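Printed here is data-v7.txt (compact mmCIF, C-alpha atoms and all ligand atoms):
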```
# COMPACT_ATOMS: atom_id res chain seq x y z
CA MET A 26 100.56 -78.17 74.41
CA LEU A 27 97.76 -78.61 71.85
CA THR A 28 96.62 -75.79 69.59
CA VAL A 29 93.84 -76.29 67.08
CA GLU A 30 93.30 -73.35 64.74
CA ASN A 31 90.47 -73.08 62.24
CA LEU A 32 90.65 -76.81 61.56
CA THR A 33 88.29 -77.59 58.71
CA LYS A 34 87.31 -80.69 56.77
CA ARG A 35 85.02 -80.64 53.78
CA PHE A 36 83.64 -83.67 52.00
CA GLY A 37 82.42 -82.15 48.72
CA SER A 38 79.92 -79.49 49.68
CA ASN A 39 79.48 -80.90 53.20
CA THR A 40 81.61 -79.25 55.89
CA ALA A 41 82.16 -81.97 58.48
CA VAL A 42 84.40 -79.84 60.75
CA ASP A 43 84.11 -76.09 60.44
CA LYS A 44 86.98 -73.89 61.72
CA ALA A 45 87.42 -75.79 64.99
CA THR A 46 89.60 -73.71 67.31
CA PHE A 47 90.74 -74.43 70.87
CA THR A 48 93.89 -74.75 72.96
CA VAL A 49 94.86 -77.15 75.72
CA ASP A 50 97.77 -76.22 77.98
CA ARG A 51 98.19 -79.48 79.94
CA PRO A 52 97.28 -83.13 79.47
CA LEU A 53 93.59 -83.09 80.30
CA MET A 54 90.91 -85.70 79.81
CA ILE A 55 88.60 -84.12 77.25
CA GLY A 56 85.18 -85.34 76.15
CA ILE A 57 83.73 -84.36 72.80
CA ILE A 58 79.96 -84.55 72.62
CA GLY A 59 77.38 -83.84 69.95
CA ARG A 60 74.74 -85.60 67.94
CA SER A 61 75.52 -88.08 65.18
CA GLY A 62 77.19 -86.34 62.24
CA ALA A 63 78.41 -83.37 64.31
CA GLY A 64 82.01 -83.99 63.19
CA LYS A 65 83.47 -85.69 66.27
CA SER A 66 85.05 -88.67 64.48
CA THR A 67 86.34 -86.52 61.66
CA PHE A 68 88.09 -84.29 64.18
CA LEU A 69 89.84 -87.26 65.84
CA ARG A 70 90.78 -88.73 62.47
CA MET A 71 92.36 -85.45 61.39
CA MET A 72 94.28 -85.23 64.63
CA ASN A 73 95.62 -88.76 64.13
CA ARG A 74 96.28 -88.04 60.43
CA LEU A 75 93.96 -90.81 59.27
CA THR A 76 92.08 -88.13 57.34
CA ASP A 77 93.69 -85.07 55.75
CA ALA A 78 92.34 -81.70 56.83
CA THR A 79 91.08 -79.30 54.18
CA SER A 80 92.56 -76.30 56.01
CA GLY A 81 93.65 -75.07 59.41
CA ARG A 82 96.46 -75.96 61.79
CA LEU A 83 97.04 -78.41 64.60
CA LEU A 84 100.15 -78.05 66.78
CA PHE A 85 101.15 -80.51 69.50
CA GLU A 86 104.12 -79.58 71.67
CA GLY A 87 105.40 -77.42 68.84
CA ARG A 88 104.97 -80.12 66.19
CA ASP A 89 103.02 -78.93 63.16
CA VAL A 90 101.01 -82.16 62.97
CA LEU A 91 99.23 -81.59 59.68
CA ALA A 92 102.52 -80.93 57.88
CA LEU A 93 104.22 -84.18 58.98
CA ARG A 94 105.21 -86.64 56.27
CA GLY A 95 106.75 -90.13 56.12
CA ALA A 96 108.62 -91.25 59.24
CA GLU A 97 107.63 -88.12 61.18
CA LYS A 98 103.98 -88.76 60.46
CA ARG A 99 104.33 -92.39 61.60
CA ALA A 100 106.09 -91.21 64.78
CA TRP A 101 103.16 -88.89 65.47
CA GLN A 102 100.67 -91.70 64.91
CA SER A 103 102.62 -93.71 67.45
CA ASP A 104 102.45 -90.82 69.94
CA CYS A 105 98.75 -90.48 69.34
CA ALA A 106 97.10 -93.89 69.79
CA MET A 107 93.53 -94.45 68.74
CA ILE A 108 90.86 -96.75 70.11
CA PHE A 109 87.55 -97.41 68.40
CA GLN A 110 83.99 -98.36 69.22
CA GLN A 111 84.42 -101.81 67.65
CA PHE A 112 87.77 -102.52 69.38
CA ASN A 113 89.45 -103.52 66.05
CA LEU A 114 91.21 -106.55 67.51
CA VAL A 115 92.17 -109.64 65.51
CA PRO A 116 89.40 -111.92 66.83
CA ARG A 117 91.13 -115.30 66.39
CA MET A 118 94.47 -114.12 67.73
CA ASP A 119 95.29 -114.42 71.43
CA VAL A 120 95.07 -111.40 73.69
CA VAL A 121 98.83 -110.94 74.23
CA SER A 122 99.53 -111.05 70.49
CA ASN A 123 96.82 -108.46 69.95
CA VAL A 124 98.47 -106.22 72.53
CA LEU A 125 101.91 -106.77 70.99
CA HIS A 126 100.49 -105.50 67.72
CA GLY A 127 100.78 -102.07 69.35
CA THR A 128 104.54 -102.26 68.80
CA LEU A 129 104.31 -103.08 65.08
CA ALA A 130 105.37 -99.62 63.94
CA GLN A 131 108.67 -100.05 65.77
CA ARG A 132 109.49 -103.55 64.46
CA SER A 133 111.06 -104.95 61.32
CA SER A 134 108.76 -106.56 58.79
CA LEU A 135 110.65 -109.86 59.11
CA ALA A 136 110.03 -110.03 62.85
CA THR A 137 106.38 -109.21 62.22
CA LEU A 138 106.09 -111.87 59.55
CA PHE A 139 107.31 -114.59 61.89
CA ASN A 140 105.44 -113.21 64.88
CA VAL A 141 108.64 -112.87 66.88
CA TYR A 142 108.44 -110.49 69.78
CA PRO A 143 111.25 -109.52 72.15
CA ARG A 144 110.83 -111.05 75.59
CA ALA A 145 110.82 -107.60 77.20
CA ASP A 146 107.85 -106.59 75.05
CA ILE A 147 105.94 -109.72 76.07
CA HIS A 148 106.56 -108.92 79.75
CA ARG A 149 105.45 -105.36 79.20
CA ALA A 150 102.29 -106.49 77.45
CA ILE A 151 101.40 -108.74 80.36
CA ASP A 152 102.13 -105.98 82.88
CA ILE A 153 99.80 -103.66 81.01
CA LEU A 154 97.09 -106.33 80.86
CA ASP A 155 97.57 -106.85 84.59
CA ARG A 156 97.16 -103.15 85.20
CA LEU A 157 93.88 -103.27 83.30
CA GLY A 158 92.69 -106.27 85.29
CA ILE A 159 92.66 -108.74 82.40
CA ALA A 160 96.03 -110.55 82.62
CA ALA A 161 94.19 -113.79 83.41
CA HIS A 162 92.80 -113.74 79.87
CA ALA A 163 96.20 -113.21 78.20
CA ALA A 164 96.28 -116.58 76.43
CA LYS A 165 92.65 -116.59 75.25
CA ARG A 166 91.52 -115.65 71.80
CA ALA A 167 90.29 -112.06 71.72
CA GLU A 168 86.89 -113.19 70.42
CA ALA A 169 86.32 -115.19 73.62
CA LEU A 170 86.28 -112.03 75.76
CA SER A 171 83.34 -109.78 76.62
CA GLY A 172 83.04 -106.41 74.91
CA GLY A 173 84.37 -104.57 77.95
CA GLN A 174 87.34 -106.91 78.20
CA GLN A 175 88.04 -106.53 74.48
CA GLN A 176 88.02 -102.75 74.80
CA ARG A 177 90.52 -103.03 77.65
CA VAL A 178 92.71 -105.18 75.36
CA ALA A 179 92.47 -102.39 72.78
CA ILE A 180 93.53 -99.88 75.45
CA ALA A 181 96.45 -102.17 76.38
CA ARG A 182 97.46 -102.31 72.71
CA ALA A 183 97.37 -98.51 72.60
CA LEU A 184 99.51 -98.29 75.77
CA MET A 185 102.17 -100.52 74.18
CA GLN A 186 102.92 -97.54 71.93
CA ASP A 187 103.55 -95.45 75.07
CA PRO A 188 101.48 -92.66 73.52
CA LYS A 189 101.30 -89.06 74.70
CA VAL A 190 97.69 -88.86 73.61
CA ILE A 191 94.92 -91.44 73.50
CA LEU A 192 92.11 -90.68 71.08
CA ALA A 193 89.00 -92.72 71.80
CA ASP A 194 86.22 -92.72 69.21
CA GLU A 195 83.01 -93.69 71.03
CA PRO A 196 84.92 -96.19 73.21
CA ILE A 197 81.84 -97.28 75.15
CA ALA A 198 79.10 -97.03 72.55
CA SER A 199 78.94 -100.83 72.09
CA LEU A 200 79.11 -101.66 75.80
CA ASP A 201 76.52 -102.25 78.48
CA PRO A 202 76.51 -99.72 81.34
CA MET A 203 78.65 -101.85 83.63
CA ASN A 204 81.41 -102.41 81.08
CA ALA A 205 81.13 -98.80 79.96
CA GLN A 206 82.00 -97.64 83.46
CA ILE A 207 84.91 -100.05 83.78
CA VAL A 208 86.38 -98.84 80.47
CA MET A 209 85.91 -95.15 81.32
CA GLU A 210 87.45 -95.72 84.73
CA ALA A 211 90.46 -97.36 83.04
CA LEU A 212 90.90 -94.38 80.69
CA ARG A 213 90.61 -91.95 83.59
CA ARG A 214 93.27 -93.77 85.61
CA ILE A 215 95.62 -93.92 82.63
CA HIS A 216 95.17 -90.17 82.29
CA GLU A 217 95.70 -89.44 85.98
CA GLU A 218 98.50 -91.90 86.72
CA ASP A 219 100.49 -91.56 83.48
CA GLY A 220 99.72 -87.93 82.66
CA ARG A 221 98.55 -88.84 79.16
CA MET A 222 96.06 -86.63 77.38
CA VAL A 223 92.82 -88.45 76.56
CA ILE A 224 90.33 -87.12 74.04
CA ALA A 225 87.17 -89.21 73.85
CA ASN A 226 84.10 -88.84 71.67
CA LEU A 227 81.20 -89.68 73.90
CA HIS A 228 77.53 -90.08 73.21
CA THR A 229 76.32 -89.76 76.78
CA LEU A 230 76.32 -86.53 78.76
CA ASP A 231 76.68 -88.07 82.18
CA THR A 232 79.85 -89.90 81.06
CA ALA A 233 81.40 -86.67 79.82
CA ARG A 234 80.49 -84.91 83.07
CA ARG A 235 81.70 -87.68 85.31
CA TYR A 236 85.07 -88.52 83.75
CA CYS A 237 86.27 -85.47 81.84
CA ASP A 238 88.04 -82.30 82.99
CA ARG A 239 86.79 -80.42 80.00
CA VAL A 240 83.96 -80.93 77.55
CA ILE A 241 83.78 -79.73 73.96
CA GLY A 242 80.37 -79.67 72.31
CA MET A 243 80.07 -79.86 68.53
CA ARG A 244 77.08 -79.10 66.39
CA ASP A 245 77.07 -79.22 62.58
CA GLY A 246 80.88 -79.25 62.51
CA ARG A 247 81.28 -76.24 64.79
CA ILE A 248 82.45 -76.05 68.37
CA VAL A 249 79.48 -74.56 70.19
CA PHE A 250 80.59 -75.28 73.75
CA ASP A 251 83.96 -75.55 75.45
CA GLY A 252 83.97 -75.63 79.22
CA THR A 253 83.99 -77.60 82.44
CA PRO A 254 81.52 -80.36 83.30
CA GLU A 255 79.88 -77.94 85.77
CA GLN A 256 79.21 -75.49 82.96
CA LEU A 257 77.52 -78.20 80.92
CA THR A 258 73.99 -77.52 82.11
CA THR A 259 70.88 -79.12 80.65
CA GLY A 260 70.21 -75.89 78.74
CA VAL A 261 73.68 -75.94 77.19
CA ALA A 262 73.26 -79.63 76.32
CA ARG A 263 69.97 -78.82 74.61
CA ASP A 264 71.80 -76.30 72.42
CA ILE A 265 74.58 -78.76 71.57
CA TYR A 266 72.14 -81.48 70.59
CA GLY A 267 69.78 -79.06 68.87
CA ALA A 268 66.96 -80.55 70.91
CA GLY A 269 63.73 -78.93 72.05
CA ALA A 270 62.10 -78.72 75.45
CA GLU A 271 61.40 -82.45 75.31
CA PHE A 272 65.14 -83.12 75.62
CA SER A 273 65.75 -85.58 78.43
CA GLU A 274 69.16 -86.30 79.88
CA ASN A 275 67.95 -89.70 81.01
CA ALA A 276 67.80 -90.77 77.38
CA THR A 277 71.59 -90.44 77.20
CA SER A 278 72.35 -91.81 80.64
CA THR A 279 74.61 -94.76 81.36
CA GLU A 280 74.14 -94.57 85.10
CA ILE A 281 73.81 -97.92 86.81
CA ARG A 282 70.91 -98.30 89.15
CA ASP A 283 71.31 -102.03 89.86
CA PRO A 284 73.21 -102.38 93.19
CA VAL A 285 74.63 -105.82 92.28
CA ALA A 286 76.10 -104.49 89.04
CA ALA A 287 77.44 -101.45 90.86
CA GLU A 288 79.29 -103.70 93.33
CA GLU A 289 80.74 -105.78 90.46
CA ILE A 290 82.10 -102.58 88.94
CA ARG A 291 83.60 -101.51 92.24
CA GLN A 292 85.38 -104.87 92.48
CA ALA A 293 86.62 -104.67 88.89
CA GLU A 294 87.85 -101.11 89.38
CA VAL A 295 90.02 -102.16 92.28
CA THR A 296 92.08 -104.24 89.86
CA VAL A 297 92.52 -101.53 87.20
N1 LIG B 1 84.53 -90.32 54.38
C1 LIG B 1 83.50 -89.47 54.33
N2 LIG B 1 82.98 -89.10 53.12
C2 LIG B 1 81.96 -88.22 53.04
N3 LIG B 1 81.36 -87.67 54.13
C3 LIG B 1 81.82 -88.01 55.33
C4 LIG B 1 82.90 -88.94 55.50
N4 LIG B 1 83.15 -89.08 56.84
C5 LIG B 1 82.25 -88.29 57.48
N5 LIG B 1 81.46 -87.66 56.58
C6 LIG B 1 80.38 -86.70 56.91
O1 LIG B 1 80.94 -85.74 57.78
C7 LIG B 1 79.99 -85.37 58.77
C8 LIG B 1 80.58 -85.61 60.14
O2 LIG B 1 80.73 -87.01 60.34
P1 LIG B 1 81.42 -87.62 61.64
O3 LIG B 1 81.46 -89.11 61.47
O4 LIG B 1 82.68 -86.89 61.90
O5 LIG B 1 80.37 -87.23 62.78
P2 LIG B 1 80.26 -87.78 64.26
O6 LIG B 1 79.92 -86.62 65.11
O7 LIG B 1 81.47 -88.54 64.61
O8 LIG B 1 79.02 -88.73 64.16
P3 LIG B 1 78.85 -90.25 64.65
O9 LIG B 1 78.73 -90.15 66.14
O10 LIG B 1 77.59 -90.70 63.99
O11 LIG B 1 80.08 -90.98 64.17
C9 LIG B 1 78.74 -86.17 58.50
O12 LIG B 1 77.86 -85.38 57.74
C10 LIG B 1 79.24 -87.33 57.67
O13 LIG B 1 78.26 -87.81 56.82
```
Please go through the file and, once you have read it, give me the structure as structure tokens.
Ligand SMILES: Nc1ncnc2c1ncn2[C@@H]1O[C@H](COP(=O)(O)OP(=O)(O)OP(=O)(O)O)[C@@H](O)[C@H]1O
Amino acid sequence: MLTVENLTKRFGSNTAVDKATFTVDRPLMIGIIGRSGAGKSTFLRMMNRLTDATSGRLLFEGRDVLALRGAEKRAWQSDCAMIFQQFNLVPRMDVVSNVLHGTLAQRSSLATLFNVYPRADIHRAIDILDRLGIAAHAAKRAEALSGGQQQRVAIARALMQDPKVILADEPIASLDPMNAQIVMEALRRIHEEDGRMVIANLHTLDTARRYCDRVIGMRDGRIVFDGTPEQLTTGVARDIYGAGAEFSENATSTEIRDPVAAEEIRQAEVTV
């Protein structure tokens, strides 16, 4: 369903993504790992058409994504929702309105101008917030929520587009371990229950191993690993990160060792 062929992005003389090639035949949850500057964000941005590729091809369910223009490109961007490390919410706007922003591409500019949303969309937004365990915060300003809650609002906004793919660029990099787990659990459930493909750039190995079906490792713009979490051994990780014998997985761990926090997560997960 997804074919990436020799996808390349150059910024001047710097090759950010170098002939990336892989195929995905069903909607998996995929983690992309690699050190800072490896090309992870650039790959996601090319897939979403936020950045133009220099060369290569990307096909999704037969659609030649890099060739799309105008309305077809906007339709693809709607099918391929993106969430970011910094949530990108409107801080002073209430949570429901932030979520309803996910439908903007489908609405007239007049309706947008006057902030008029169809009743059915409002109900849907609240249902999605409920599913993510944050409906109780629907009327609050986004800025009043914790980071983990704000990221779940961003996921809700993405779900309003009813996307086939969710691209998550370091979705938990700004979160504490407890909120990181809640957000990853939410993405995993959305993948499993809705059958949506999720591709997430992750900076911690244990997160990629725990939540993803497949892990892609990038180094200096190239894909240097593509396999299952089981195949992602410490030795392989050392190669991906270009680290020496001193490489310690603990340095990238988000595991929670505090039993009280772990119980809070368990409770929160029940509501997702
Ligand atoms: N707009 C840009 N202009 C010039 N160079 C860029 C631009 N965006 C990214 N790069 C360069 O491309 C390379 C890959 O960057 P990218 O952000 O994709 O890496 P990354 O793996 O996502 O890293 P990080 O985790 O730090 O975001 C880096 O060398 C970066 O400096």
Q: Using all atoms listed in the file, determine which residues fall within 7 Å of ligand LIG 1 (chain B), then list them as a list in words.
A: Phe36, Asn39, Thr40, Ala41, Val42, Gly59, Arg60, Ser61, Gly62, Ala63, Gly64, Lys65, Ser66, Thr67, Phe68 and Gly246 of chain A
Can I get the selection written as a JSON list (two decimals), keeping the file's coordinate frame, with C-alpha atoms?
```
[["chain", "number", "residue", "atom", "x", "y", "z"],
["A", 36, "PHE", "CA", 83.64, -83.67, 52.00],
["A", 39, "ASN", "CA", 79.48, -80.90, 53.20],
["A", 40, "THR", "CA", 81.61, -79.25, 55.89],
["A", 41, "ALA", "CA", 82.16, -81.97, 58.48],
["A", 42, "VAL", "CA", 84.40, -79.84, 60.75],
["A", 59, "GLY", "CA", 77.38, -83.84, 69.95],
["A", 60, "ARG", "CA", 74.74, -85.60, 67.94],
["A", 61, "SER", "CA", 75.52, -88.08, 65.18],
["A", 62, "GLY", "CA", 77.19, -86.34, 62.24],
["A", 63, "ALA", "CA", 78.41, -83.37, 64.31],
["A", 64, "GLY", "CA", 82.01, -83.99, 63.19],
["A", 65, "LYS", "CA", 83.47, -85.69, 66.27],
["A", 66, "SER", "CA", 85.05, -88.67, 64.48],
["A", 67, "THR", "CA", 86.34, -86.52, 61.66],
["A", 68, "PHE", "CA", 88.09, -84.29, 64.18],
["A", 246, "GLY", "CA", 80.88, -79.25, 62.51]]
```
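When atom CA of Pro254 of chain A is paired with atom CA of Ala211 of chain A, their separation reads 19.2 Å.
The coordinates place atom CA of Ala181 of chain A at 18.1 Å from atom CA of Ser199 of chain A.
Atom CA of Ala167 of chain A is positioned 21.7 Å from atom CA of Ala145 of chain A.
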Q) Counting all atoms listed in the file, which of A:Arg182, A:Lys165, A:Arg156, A:Arg70 gets nearest to Arg117 of chain A? A) A:Lys165
